[in-house]
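Visitor: Sending over start08.pdb (PDB, C-alpha atoms and all ligand atoms).
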```pdb
ATOM      1  CA  MET A   1       0.000   0.000   0.000
ATOM      2  CA  ARG A   2       1.428   3.427  -0.985
ATOM      3  CA  LYS A   3       0.945   6.346   1.380
ATOM      4  CA  ILE A   4      -0.141   9.908   0.655
ATOM      5  CA  GLY A   5       0.175  12.649   3.269
ATOM      6  CA  PHE A   6      -1.788  15.888   2.989
ATOM      7  CA  ILE A   7      -0.254  18.956   4.591
ATOM      8  CA  GLY A   8      -2.983  21.571   5.058
ATOM      9  CA  CYS A   9      -6.410  19.941   5.272
ATOM     10  CA  GLY A  10      -8.715  22.783   4.221
ATOM     11  CA  HIS A  11     -11.137  22.991   1.300
ATOM     12  CA  MET A  12      -8.898  21.668  -1.451
ATOM     13  CA  ALA A  13      -7.286  18.873   0.559
ATOM     14  CA  LYS A  14     -10.686  17.701   1.801
ATOM     15  CA  ALA A  15     -11.939  17.385  -1.782
ATOM     16  CA  LEU A  16      -8.815  15.433  -2.801
ATOM     17  CA  MET A  17      -8.999  13.205   0.282
ATOM     18  CA  LEU A  18     -12.683  12.399  -0.254
ATOM     19  CA  GLY A  19     -11.973  11.465  -3.864
ATOM     20  CA  LEU A  20      -8.918   9.363  -2.983
ATOM     21  CA  LYS A  21     -10.464   7.515  -0.041
ATOM     22  CA  SER A  22     -11.819   4.821  -2.343
ATOM     23  CA  HIS A  23      -8.477   4.253  -4.131
ATOM     24  CA  ALA A  24      -7.418   0.691  -3.348
ATOM     25  CA  ASN A  25      -3.660   1.381  -3.609
ATOM     26  CA  TYR A  26      -3.325   4.321  -1.241
ATOM     27  CA  THR A  27      -3.618   5.024   2.455
ATOM     28  CA  ILE A  28      -4.048   8.708   3.237
ATOM     29  CA  PHE A  29      -3.076  10.816   6.259
ATOM     30  CA  GLY A  30      -3.458  14.484   7.081
ATOM     31  CA  HIS A  31      -1.607  17.187   8.958
ATOM     32  CA  ASP A  32      -3.061  20.612   9.727
ATOM     33  CA  ARG A  33      -2.293  23.296  12.280
ATOM     34  CA  ASN A  34      -5.978  24.216  12.546
ATOM     35  CA  PRO A  35      -7.778  22.050  15.178
ATOM     36  CA  ALA A  36     -11.108  22.460  13.335
ATOM     37  CA  ASN A  37      -9.686  20.268  10.593
ATOM     38  CA  HIS A  38      -8.518  17.594  13.061
ATOM     39  CA  SER A  39     -12.116  16.762  13.893
ATOM     40  CA  TRP A  40     -13.012  16.629  10.194
ATOM     41  CA  LEU A  41     -10.192  14.093   9.673
ATOM     42  CA  LYS A  42     -11.407  12.049  12.647
ATOM     43  CA  ASP A  43     -14.990  12.084  11.344
ATOM     44  CA  HIS A  44     -13.713  10.726   8.024
ATOM     45  CA  ASP A  45     -11.437   8.049   9.546
ATOM     46  CA  ILE A  46      -8.290   9.749   8.309
ATOM     47  CA  GLU A  47      -5.383   9.729  10.727
ATOM     48  CA  HIS A  48      -3.919  13.080  11.768
ATOM     49  CA  LYS A  49      -0.128  12.971  12.042
ATOM     50  CA  SER A  50       2.522  15.425  13.127
ATOM     51  CA  LEU A  51       4.452  17.193  10.371
ATOM     52  CA  GLU A  52       7.486  15.042  11.060
ATOM     53  CA  SER A  53       5.623  11.702  10.946
ATOM     54  CA  ILE A  54       3.599  12.595   7.877
ATOM     55  CA  CYS A  55       6.828  13.376   6.023
ATOM     56  CA  LYS A  56       8.569  10.215   7.225
ATOM     57  CA  ASP A  57       5.573   7.922   6.551
ATOM     58  CA  SER A  58       4.432   9.207   3.132
ATOM     59  CA  ASP A  59       5.590   8.198  -0.337
ATOM     60  CA  ILE A  60       3.858  11.282  -1.693
ATOM     61  CA  VAL A  61       3.193  14.540   0.127
ATOM     62  CA  ILE A  62       0.492  16.864  -1.223
ATOM     63  CA  ILE A  63       0.902  20.421   0.046
ATOM     64  CA  CYS A  64      -2.464  22.168   0.254
ATOM     65  CA  VAL A  65      -1.721  25.377   2.173
ATOM     66  CA  LYS A  66      -2.403  28.892   0.904
ATOM     67  CA  PRO A  67       0.432  30.451  -1.132
ATOM     68  CA  LYS A  68       1.189  32.892   1.731
ATOM     69  CA  ASP A  69       1.951  29.950   4.072
ATOM     70  CA  MET A  70       4.056  28.006   1.596
ATOM     71  CA  TYR A  71       7.566  29.271   2.245
ATOM     72  CA  GLU A  72       7.406  29.084   6.024
ATOM     73  CA  LEU A  73       6.115  25.518   5.677
ATOM     74  CA  CYS A  74       8.943  24.605   3.252
ATOM     75  CA  VAL A  75      11.514  25.762   5.808
ATOM     76  CA  SER A  76      10.086  23.233   8.294
ATOM     77  CA  LEU A  77       9.780  20.545   5.595
ATOM     78  CA  ASN A  78      13.440  20.818   4.631
ATOM     79  CA  ASN A  79      14.483  19.269   7.920
ATOM     80  CA  VAL A  80      12.086  16.328   7.811
ATOM     81  CA  LEU A  81      11.274  15.476   4.188
ATOM     82  CA  ASP A  82      13.037  12.497   2.633
ATOM     83  CA  GLU A  83      14.588  13.157  -0.805
ATOM     84  CA  GLU A  84      12.732  10.183  -2.326
ATOM     85  CA  THR A  85       9.307  11.497  -1.289
ATOM     86  CA  LYS A  86       7.393  13.004  -4.190
ATOM     87  CA  VAL A  87       6.059  16.470  -3.404
ATOM     88  CA  ILE A  88       2.957  17.893  -5.066
ATOM     89  CA  SER A  89       2.016  21.532  -4.535
ATOM     90  CA  VAL A  90      -1.482  22.701  -5.419
ATOM     91  CA  ALA A  91      -0.773  26.305  -4.384
ATOM     92  CA  ALA A  92      -1.841  28.884  -6.939
ATOM     93  CA  GLY A  93       1.016  30.963  -8.271
ATOM     94  CA  VAL A  94       3.920  29.255  -6.469
ATOM     95  CA  THR A  95       6.311  28.350  -9.288
ATOM     96  CA  ILE A  96       8.369  25.174  -9.662
ATOM     97  CA  GLU A  97      11.475  27.368  -9.633
ATOM     98  CA  ASN A  98      10.547  28.811  -6.237
ATOM     99  CA  LEU A  99       9.517  25.404  -4.915
ATOM    100  CA  ASN A 100      12.859  23.941  -6.039
ATOM    101  CA  LYS A 101      14.665  26.765  -4.251
ATOM    102  CA  ALA A 102      12.596  26.239  -1.113
ATOM    103  CA  LEU A 103      12.881  22.427  -1.196
ATOM    104  CA  PRO A 104      16.191  21.689  -2.954
ATOM    105  CA  GLY A 105      16.805  18.179  -4.286
ATOM    106  CA  ARG A 106      13.151  17.073  -4.063
ATOM    107  CA  LYS A 107      10.938  15.632  -6.826
ATOM    108  CA  ILE A 108       8.408  18.427  -7.160
ATOM    109  CA  PHE A 109       5.159  18.579  -9.117
ATOM    110  CA  ARG A 110       2.657  21.406  -9.467
ATOM    111  CA  ALA A 111      -0.972  20.411  -9.788
ATOM    112  CA  MET A 112      -3.974  22.654 -10.308
ATOM    113  CA  PRO A 113      -7.045  20.630  -9.318
ATOM    114  CA  ASN A 114     -10.575  21.750  -8.538
ATOM    115  CA  ILE A 115     -13.080  20.717  -5.928
ATOM    116  CA  GLY A 116     -14.919  18.377  -8.334
ATOM    117  CA  ALA A 117     -12.185  15.927  -7.203
ATOM    118  CA  LYS A 118     -14.290  15.089  -4.162
ATOM    119  CA  ASP A 119     -16.702  13.148  -6.395
ATOM    120  CA  ASN A 120     -13.925  11.973  -8.736
ATOM    121  CA  LEU A 121     -15.195  14.524 -11.237
ATOM    122  CA  GLY A 122     -12.290  16.967 -10.979
ATOM    123  CA  ILE A 123     -10.040  18.400 -13.650
ATOM    124  CA  THR A 124      -6.356  18.738 -12.852
ATOM    125  CA  SER A 125      -3.494  20.126 -14.860
ATOM    126  CA  ILE A 126      -0.007  19.041 -13.846
ATOM    127  CA  PHE A 127       3.361  20.607 -14.524
ATOM    128  CA  SER A 128       6.746  19.123 -13.645
ATOM    129  CA  SER A 129      10.175  18.819 -15.148
ATOM    130  CA  GLU A 130       9.915  15.027 -15.263
ATOM    131  CA  LEU A 131       7.177  12.650 -16.378
ATOM    132  CA  ASP A 132       5.598  10.613 -13.604
ATOM    133  CA  ASP A 133       2.848   8.138 -14.389
ATOM    134  CA  GLU A 134       1.917   7.653 -10.735
ATOM    135  CA  ILE A 135       1.068  11.348 -10.219
ATOM    136  CA  LEU A 136      -0.943  11.422 -13.431
ATOM    137  CA  GLU A 137      -2.768   8.247 -12.393
ATOM    138  CA  ILE A 138      -3.702   9.696  -8.973
ATOM    139  CA  PHE A 139      -5.281  12.780 -10.513
ATOM    140  CA  ASN A 140      -6.937  10.722 -13.254
ATOM    141  CA  PHE A 141      -8.547   8.722 -10.440
ATOM    142  CA  LEU A 142      -9.911  12.040  -9.146
ATOM    143  CA  GLY A 143     -11.459  12.869 -12.518
ATOM    144  CA  LYS A 144      -9.432  13.891 -15.533
ATOM    145  CA  ALA A 145      -5.774  14.931 -15.433
ATOM    146  CA  PHE A 146      -3.442  16.212 -18.080
ATOM    147  CA  ARG A 147       0.148  17.382 -18.196
ATOM    148  CA  VAL A 148       0.954  20.884 -19.401
ATOM    149  CA  ASP A 149       4.257  21.503 -21.133
ATOM    150  CA  ASN A 150       4.541  25.127 -20.088
ATOM    151  CA  GLU A 151       4.223  26.383 -16.514
ATOM    152  CA  GLU A 152       2.506  29.584 -17.597
ATOM    153  CA  LYS A 153      -0.461  27.445 -18.624
ATOM    154  CA  ILE A 154      -0.904  26.535 -14.955
ATOM    155  CA  ASN A 155      -1.728  30.197 -14.233
ATOM    156  CA  LEU A 156      -4.345  30.081 -16.921
ATOM    157  CA  HIS A 157      -5.682  26.821 -15.508
ATOM    158  CA  THR A 158      -5.771  28.327 -12.007
ATOM    159  CA  SER A 159      -8.379  30.793 -13.205
ATOM    160  CA  LEU A 160     -10.202  28.410 -15.513
ATOM    161  CA  ILE A 161     -10.066  25.132 -13.576
ATOM    162  CA  GLY A 162      -9.384  26.166  -9.965
ATOM    163  CA  SER A 163     -11.575  29.262  -9.748
ATOM    164  CA  GLY A 164     -14.006  28.526 -12.597
ATOM    165  CA  PRO A 165     -16.426  26.343 -10.612
ATOM    166  CA  ALA A 166     -17.055  29.198  -8.140
ATOM    167  CA  PHE A 167     -18.238  31.452 -10.982
ATOM    168  CA  TYR A 168     -20.858  28.884 -12.005
ATOM    169  CA  PHE A 169     -21.808  28.176  -8.377
ATOM    170  CA  GLU A 170     -22.489  31.912  -7.945
ATOM    171  CA  ILE A 171     -24.898  31.858 -10.888
ATOM    172  CA  ILE A 172     -26.565  28.637  -9.733
ATOM    173  CA  ASN A 173     -26.801  29.959  -6.172
ATOM    174  CA  GLU A 174     -28.640  33.054  -7.372
ATOM    175  CA  PHE A 175     -30.895  30.892  -9.552
ATOM    176  CA  GLU A 176     -31.704  28.681  -6.537
ATOM    177  CA  ASN A 177     -32.389  31.743  -4.365
ATOM    178  CA  ARG A 178     -34.952  32.875  -6.940
ATOM    179  CA  LEU A 179     -36.471  29.370  -7.157
ATOM    180  CA  ASN A 180     -36.843  29.469  -3.397
ATOM    181  CA  GLU A 181     -38.707  32.756  -3.566
ATOM    182  CA  LEU A 182     -40.885  31.965  -6.557
ATOM    183  CA  LEU A 183     -41.769  28.276  -6.317
ATOM    184  CA  PRO A 184     -44.029  26.447  -3.883
ATOM    185  CA  GLU A 185     -42.252  25.004  -0.848
ATOM    186  CA  GLU A 186     -42.708  21.376  -1.798
ATOM    187  CA  VAL A 187     -40.521  21.706  -4.904
ATOM    188  CA  SER A 188     -36.850  21.072  -4.182
ATOM    189  CA  LYS A 189     -34.715  23.777  -5.738
ATOM    190  CA  ARG A 190     -31.716  21.445  -5.816
ATOM    191  CA  ASP A 191     -33.687  18.816  -7.785
ATOM    192  CA  ILE A 192     -34.524  21.416 -10.398
ATOM    193  CA  THR A 193     -30.914  22.543 -10.657
ATOM    194  CA  LEU A 194     -29.775  18.930 -10.974
ATOM    195  CA  LEU A 195     -32.351  18.251 -13.636
ATOM    196  CA  PHE A 196     -31.199  21.016 -15.900
ATOM    197  CA  LEU A 197     -27.530  20.310 -15.244
ATOM    198  CA  THR A 198     -27.949  16.619 -16.110
ATOM    199  CA  SER A 199     -29.824  17.539 -19.309
ATOM    200  CA  LEU A 200     -26.945  19.847 -20.161
ATOM    201  CA  ILE A 201     -24.370  17.100 -19.544
ATOM    202  CA  SER A 202     -26.234  14.559 -21.644
ATOM    203  CA  ALA A 203     -26.696  17.081 -24.471
ATOM    204  CA  ILE A 204     -22.954  17.786 -24.448
ATOM    205  CA  LYS A 205     -22.187  14.047 -24.354
ATOM    206  CA  ASN A 206     -24.381  13.697 -27.430
ATOM    207  CA  GLY A 207     -22.177  16.199 -29.216
ATOM    208  CA  GLU A 208     -24.504  19.234 -29.197
ATOM    209  CA  ASN A 209     -22.748  22.568 -28.857
ATOM    210  CA  LEU A 210     -23.925  25.214 -26.388
ATOM    211  CA  GLU A 211     -24.975  27.786 -28.994
ATOM    212  CA  ASP A 212     -27.228  25.187 -30.634
ATOM    213  CA  LEU A 213     -28.601  24.249 -27.212
ATOM    214  CA  ILE A 214     -29.398  27.875 -26.384
ATOM    215  CA  GLY A 215     -30.966  28.266 -29.830
ATOM    216  CA  SER A 216     -33.123  25.184 -29.270
ATOM    217  CA  ILE A 217     -34.541  26.652 -26.040
ATOM    218  CA  ARG A 218     -34.963  30.242 -27.200
ATOM    219  CA  SER A 219     -37.981  31.048 -29.332
ATOM    220  CA  LYS A 220     -38.762  34.456 -30.743
ATOM    221  CA  GLY A 221     -40.723  36.580 -28.292
ATOM    222  CA  GLY A 222     -40.617  33.845 -25.639
ATOM    223  CA  THR A 223     -39.553  33.702 -21.998
ATOM    224  CA  THR A 224     -35.983  32.516 -22.665
ATOM    225  CA  GLU A 225     -35.423  35.342 -25.094
ATOM    226  CA  ALA A 226     -36.734  37.870 -22.540
ATOM    227  CA  GLY A 227     -34.269  36.642 -19.920
ATOM    228  CA  LEU A 228     -31.350  36.334 -22.316
ATOM    229  CA  ASN A 229     -31.963  39.801 -23.765
ATOM    230  CA  LEU A 230     -31.671  41.241 -20.289
ATOM    231  CA  LEU A 231     -28.399  39.367 -19.688
ATOM    232  CA  TYR A 232     -27.018  40.694 -22.976
ATOM    233  CA  SER A 233     -28.199  44.281 -22.461
ATOM    234  CA  GLU A 234     -26.666  44.327 -18.960
ATOM    235  CA  ASN A 235     -23.363  43.141 -20.455
ATOM    236  CA  PHE A 236     -23.395  39.841 -18.581
ATOM    237  CA  ILE A 237     -21.203  38.137 -21.194
ATOM    238  CA  LYS A 238     -18.488  40.789 -20.862
ATOM    239  CA  ILE A 239     -18.733  40.810 -17.064
ATOM    240  CA  PHE A 240     -18.359  37.030 -16.937
ATOM    241  CA  SER A 241     -15.422  37.112 -19.318
ATOM    242  CA  ASP A 242     -13.814  39.951 -17.313
ATOM    243  CA  ALA A 243     -14.158  37.845 -14.148
ATOM    244  CA  VAL A 244     -12.148  35.050 -15.802
ATOM    245  CA  ASP A 245      -9.495  37.618 -16.802
ATOM    246  CA  ALA A 246      -9.399  39.040 -13.249
ATOM    247  CA  ALA A 247      -8.717  35.539 -11.875
ATOM    248  CA  LYS A 248      -6.108  34.902 -14.582
ATOM    249  CA  ASN A 249      -4.339  38.197 -13.850
ATOM    250  CA  ARG A 250      -4.364  37.472 -10.121
ATOM    251  CA  ALA A 251      -2.740  34.051 -10.772
ATOM    252  CA  THR A 252       0.008  35.824 -12.736
ATOM    253  CA  GLU A 253       0.477  38.383  -9.934
ATOM    254  CA  LEU A 254       0.714  35.600  -7.328
ATOM    255  CA  SER A 255       3.424  33.835  -9.332
ATOM    256  CA  MET A 256       5.492  37.041  -9.258
ATOM    257  CA  ASP A 257       5.239  37.531  -5.466
TER     258      ASP A 257
HETATM  259  N1  LIG B   1     -10.040  25.919  -2.788
HETATM  260  C1  LIG B   1      -9.946  25.634  -4.089
HETATM  261  O1  LIG B   1     -10.943  25.429  -4.812
HETATM  262  C2  LIG B   1      -8.559  25.509  -4.724
HETATM  263  C3  LIG B   1      -8.447  25.145  -6.089
HETATM  264  C4  LIG B   1      -7.165  24.975  -6.613
HETATM  265  C5  LIG B   1      -6.043  25.187  -5.843
HETATM  266  N2  LIG B   1      -6.186  25.573  -4.550
HETATM  267  C6  LIG B   1      -4.989  25.803  -3.737
HETATM  268  O2  LIG B   1      -5.086  24.954  -2.606
HETATM  269  C7  LIG B   1      -4.396  25.576  -1.514
HETATM  270  C8  LIG B   1      -5.273  25.480  -0.284
HETATM  271  O3  LIG B   1      -6.460  26.203  -0.513
HETATM  272  P1  LIG B   1      -7.719  25.954   0.433
HETATM  273  O4  LIG B   1      -8.830  26.705  -0.193
HETATM  274  O5  LIG B   1      -7.868  24.501   0.708
HETATM  275  O6  LIG B   1      -7.212  26.712   1.762
HETATM  276  P2  LIG B   1      -7.725  26.531   3.263
HETATM  277  O7  LIG B   1      -9.127  26.032   3.270
HETATM  278  O8  LIG B   1      -7.377  27.777   3.987
HETATM  279  O9  LIG B   1      -6.824  25.340   3.830
HETATM  280  C9  LIG B   1      -5.464  25.480   4.125
HETATM  281  C10 LIG B   1      -5.212  24.810   5.463
HETATM  282  O10 LIG B   1      -3.800  24.691   5.648
HETATM  283  C11 LIG B   1      -3.509  25.044   7.004
HETATM  284  N3  LIG B   1      -2.101  25.426   7.092
HETATM  285  C12 LIG B   1      -1.499  26.545   6.650
HETATM  286  N4  LIG B   1      -0.166  26.522   6.924
HETATM  287  C13 LIG B   1       0.061  25.354   7.568
HETATM  288  C14 LIG B   1       1.220  24.767   8.122
HETATM  289  N5  LIG B   1       2.406  25.371   8.071
HETATM  290  N6  LIG B   1       1.106  23.559   8.711
HETATM  291  C15 LIG B   1      -0.104  22.940   8.786
HETATM  292  N7  LIG B   1      -1.249  23.444   8.277
HETATM  293  C16 LIG B   1      -1.164  24.643   7.665
HETATM  294  C17 LIG B   1      -4.446  26.186   7.262
HETATM  295  O11 LIG B   1      -4.541  26.461   8.641
HETATM  296  P3  LIG B   1      -5.061  27.942   9.113
HETATM  297  O12 LIG B   1      -6.545  27.917   8.952
HETATM  298  O13 LIG B   1      -4.600  28.015  10.536
HETATM  299  O14 LIG B   1      -4.400  28.950   8.218
HETATM  300  C18 LIG B   1      -5.738  25.643   6.663
HETATM  301  O15 LIG B   1      -6.414  24.781   7.542
HETATM  302  C19 LIG B   1      -4.099  27.019  -1.932
HETATM  303  O16 LIG B   1      -2.717  27.166  -2.181
HETATM  304  C20 LIG B   1      -4.887  27.224  -3.201
HETATM  305  O17 LIG B   1      -4.201  28.053  -4.120
HETATM  306  C21 LIG B   1      -7.419  25.733  -3.955
END
```
Would you write out, as C-alpha cells, the structure that this file holds?

Guide:
Amino acid sequence: MRKIGFIGCGHMAKALMLGLKSHANYTIFGHDRNPANHSWLKDHDIEHKSLESICKDSDIVIICVKPKDMYELCVSLNNVLDEETKVISVAAGVTIENLNKALPGRKIFRAMPNIGAKDNLGITSIFSSELDDEILEIFNFLGKAFRVDNEEKINLHTSLIGSGPAFYFEIINEFENRLNELLPEEVSKRDITLLFLTSLISAIKNGENLEDLIGSIRSKGGTTEAGLNLLYSENFIKIFSDAVDAAKNRATELSMD
C-alpha cells in the first residue's frame, strides 16, 4: 500500500482526500495546524499525524496550504522530508522554480485541481520537469488529469479550472435563491438545478454545442429570449469574461510575489 500525506487539510485537501479515499492502492493521512480540521479528519477516519511523521511515513506529500503559508512551511519541511518522497504543490502561483529553491533536491510537481475531485469529477493540470505516471494516475482517479508543457499554462488553468467552478456556483446559487422565492415550498430547488444540469451534460455528451442548445430553447418573443436579452443588455457576457481575466491576472500576480 502506498501512502499519501496531505499537509494543510482545508477545502482543497478535503476534496482530494474524499476522492482518494476509495483508491485501493493508497492510504491517506493528514496534517493541519488548525484544530477544526482535526475533527473533520477524525470524522472521516483519516489519521492526523505530526508534520514530522507525515513526512517520514508518506511516499507522496500533497501540500495544500495557501500560497502565503508556503515558504514558512517549506523551511520546516526541509528538515524532515526524505529526498525520495514526491512532493505535489497545489498552491496557486507558487512556481516550480521557487519550490525547487525552497525544497532543494526534491521531486516536485505542481498540480492545479478543482473541488470536483471530491466526487472523482475533478479536472487537474499538472506541470513538472519530469514525467511521472503515478502522479498522473492519482489525478486521473480524481477525474481527468493532463500534463501541461509550459508552466505559464498553470496560471491560466488556475483561473479556468481552480476558480471557474465558483463562478458557475455563484450563478446557480442566485438561480436557486430565486427558485426558493418563486416556487411552492414542496418543490426542491436542488432537484430542479440537478435536472437542468444533467440535461446539459447529456446534451454535451451527445455532441450538441452550447450555442445550438441555447438556440433550441430560445424562441422568438418567448420567456428565454426575454431573460437572455436582459443578460445581454446588462453586459453579462463581458462581465463574466472579465471575471475570468481578473482571476487569470491574479494568478500571474501571485506567481510574481
Ligand atoms: N479551494 C480551491 O478550490 C482551490 C483550487 C485549486 C487550488 N487551490 C490551492 O489549494 C491551496 C489550499 O487552498 P484551500 O482553499 O484549501 O485553503 P484553506 O481552506 O485555507 O486550507 C489550508 C489549510 O492549511 C492550514 N495550514 C497553513 N499553513 C500550515 C502549516 N504550516 N502547517 C499545517 N497546516 C497549515 C491552514 O490552517 P489555518 O486555517 O490556521 O491557516 C488551513 O487549515 C491554496 O494554495 C490554493 O491556491 C485551492

Visitor: Would you write out, as CSV, a table of all residues in segment 74-171 of chain A that have an atom no more than 7 Å from an atom of segment 10-17 of chain A, listing for each the closest atom pair and the distance in Å to one decimal, considering only C-alpha atoms and ordering rows by chain and rising residue number?

Guide:
```
residue,atom,partner,partner_atom,distance
A:Ile115,CA,A:Ala15,CA,5.4
A:Ala117,CA,A:Leu16,CA,5.6
A:Lys118,CA,A:Ala15,CA,4.1
```

Visitor: To one decimal place in Å, what is the distance between atom P1 of ligand LIG 1 (chain B) and atom CA of Val65 of chain A?

Guide: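 If I compute the distance from atom P1 of ligand LIG 1 (chain B) to atom CA of Val65 of chain A, I get 6.3 Å.
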
Visitor: Provide the atom C18 of ligand LIG 1 (chain B) to atom CA of Gly8 of chain A distance in Å, to one decimal place.

Guide: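 Separating atom C18 of ligand LIG 1 (chain B) from atom CA of Gly8 of chain A is a distance of 5.2 Å.
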
Visitor: Find the residues near Pro165 of chain A: any atom within 9 Å, counting all atoms listed in the file, skip ones fewer than 5 places away on the same chain, and give them as a PyMOL selection string.

Guide: chain A and resi 114-116+160+170

Visitor: For Phe167 of chain A, find every residue with an atom within 12 Å (counting all atoms listed in the file), except residues of its own chain fewer than 2 positions away, and show them as a list in words.

Guide: Ser159, Leu160, Ile161, Gly162, Ser163, Gly164, Pro165, Phe169, Glu170, Ile171, Ile172, Asn173, Glu174, Ile239, Phe240, Ser241, Asp242, Ala243, Val244, Ala246 and Ala247 of chain A

Visitor: Can I get the selection written as a PDB file, in the frame of the given file, with C-alpha atoms?

Guide:
```
ATOM      1  CA  SER A 159      -8.379  30.793 -13.205  1.00  0.00           C
ATOM      2  CA  LEU A 160     -10.202  28.410 -15.513  1.00  0.00           C
ATOM      3  CA  ILE A 161     -10.066  25.132 -13.576  1.00  0.00           C
ATOM      4  CA  GLY A 162      -9.384  26.166  -9.965  1.00  0.00           C
ATOM      5  CA  SER A 163     -11.575  29.262  -9.748  1.00  0.00           C
ATOM      6  CA  GLY A 164     -14.006  28.526 -12.597  1.00  0.00           C
ATOM      7  CA  PRO A 165     -16.426  26.343 -10.612  1.00  0.00           C
ATOM      8  CA  PHE A 169     -21.808  28.176  -8.377  1.00  0.00           C
ATOM      9  CA  GLU A 170     -22.489  31.912  -7.945  1.00  0.00           C
ATOM     10  CA  ILE A 171     -24.898  31.858 -10.888  1.00  0.00           C
ATOM     11  CA  ILE A 172     -26.565  28.637  -9.733  1.00  0.00           C
ATOM     12  CA  ASN A 173     -26.801  29.959  -6.172  1.00  0.00           C
ATOM     13  CA  GLU A 174     -28.640  33.054  -7.372  1.00  0.00           C
ATOM     14  CA  ILE A 239     -18.733  40.810 -17.064  1.00  0.00           C
ATOM     15  CA  PHE A 240     -18.359  37.030 -16.937  1.00  0.00           C
ATOM     16  CA  SER A 241     -15.422  37.112 -19.318  1.00  0.00           C
ATOM     17  CA  ASP A 242     -13.814  39.951 -17.313  1.00  0.00           C
ATOM     18  CA  ALA A 243     -14.158  37.845 -14.148  1.00  0.00           C
ATOM     19  CA  VAL A 244     -12.148  35.050 -15.802  1.00  0.00           C
ATOM     20  CA  ALA A 246      -9.399  39.040 -13.249  1.00  0.00           C
ATOM     21  CA  ALA A 247      -8.717  35.539 -11.875  1.00  0.00           C
TER      22      ALA A 247
END
```

Visitor: Run the PyMOL selection byres (((chain A and resi 41) around 10) and not hetatm) against the file shown and list the residues it catches, as a VMD selection string.

Guide: chain A and resid 9 14 17 29 to 32 35 to 40 42 to 48

Visitor: Between A:Leu81, A:Leu99, A:Val90, A:Val75, which has the minimum distance to ligand LIG 1 (chain B) (counting all atoms listed in the file)?

Guide: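 Comparing A:Leu81, A:Leu99, A:Val90, A:Val75 against ligand LIG 1 (chain B), the winner is A:Val90.
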
Visitor: Considering only C-alpha atoms and all ligand atoms, can you say which of A:Leu231, A:Leu73, A:Ala102, A:Leu142 comes closest to ligand LIG 1 (chain B)?

Guide: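 Looking at the shortest contact to ligand LIG 1 (chain B), the residue is A:Leu73.
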
Visitor: Do a neighbour search on Leu179 of chain A at 7 Å with all atoms listed in the file, toss out local chain neighbours closer than 4 positions, and write the hits as an MDAnalysis selection string.

Guide: chainID A and resid 175 183 189

Visitor: State, in Å with one decimal place, the distance from atom CA of Ile7 of chain A to atom C8 of ligand LIG 1 (chain B).

Guide: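 About the pair atom CA of Ile7 of chain A and atom C8 of ligand LIG 1 (chain B): they are 9.6 Å apart.
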
Visitor: Using 3 Å of padding on each side, determine the axis-aligned box around all atoms of segment 188-206 of chain A present in the file and give its centre and edge lengths in Å to one decimal, as lines of an AutoDock Vina configuration file.

Guide:
```
center_x = -29.5
center_y = 18.7
center_z = -15.8
size_x = 20.7
size_y = 16.1
size_z = 29.2
```

Visitor: So which residues touch Lys101 of chain A within 10 Å, counting all atoms listed in the file, skipping near sequence neighbours fewer than 5 positions away, as an MDAnalysis selection string?

Guide: chainID A and resid 71 74 95:96 106

Visitor: Counting all atoms listed in the file, which residue out of A:Phe127, A:Arg178, A:Leu254, A:Glu225 sits closest to ligand LIG 1 (chain B)?

Guide: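 Selected residue with least distance to ligand LIG 1 (chain B): A:Leu254.
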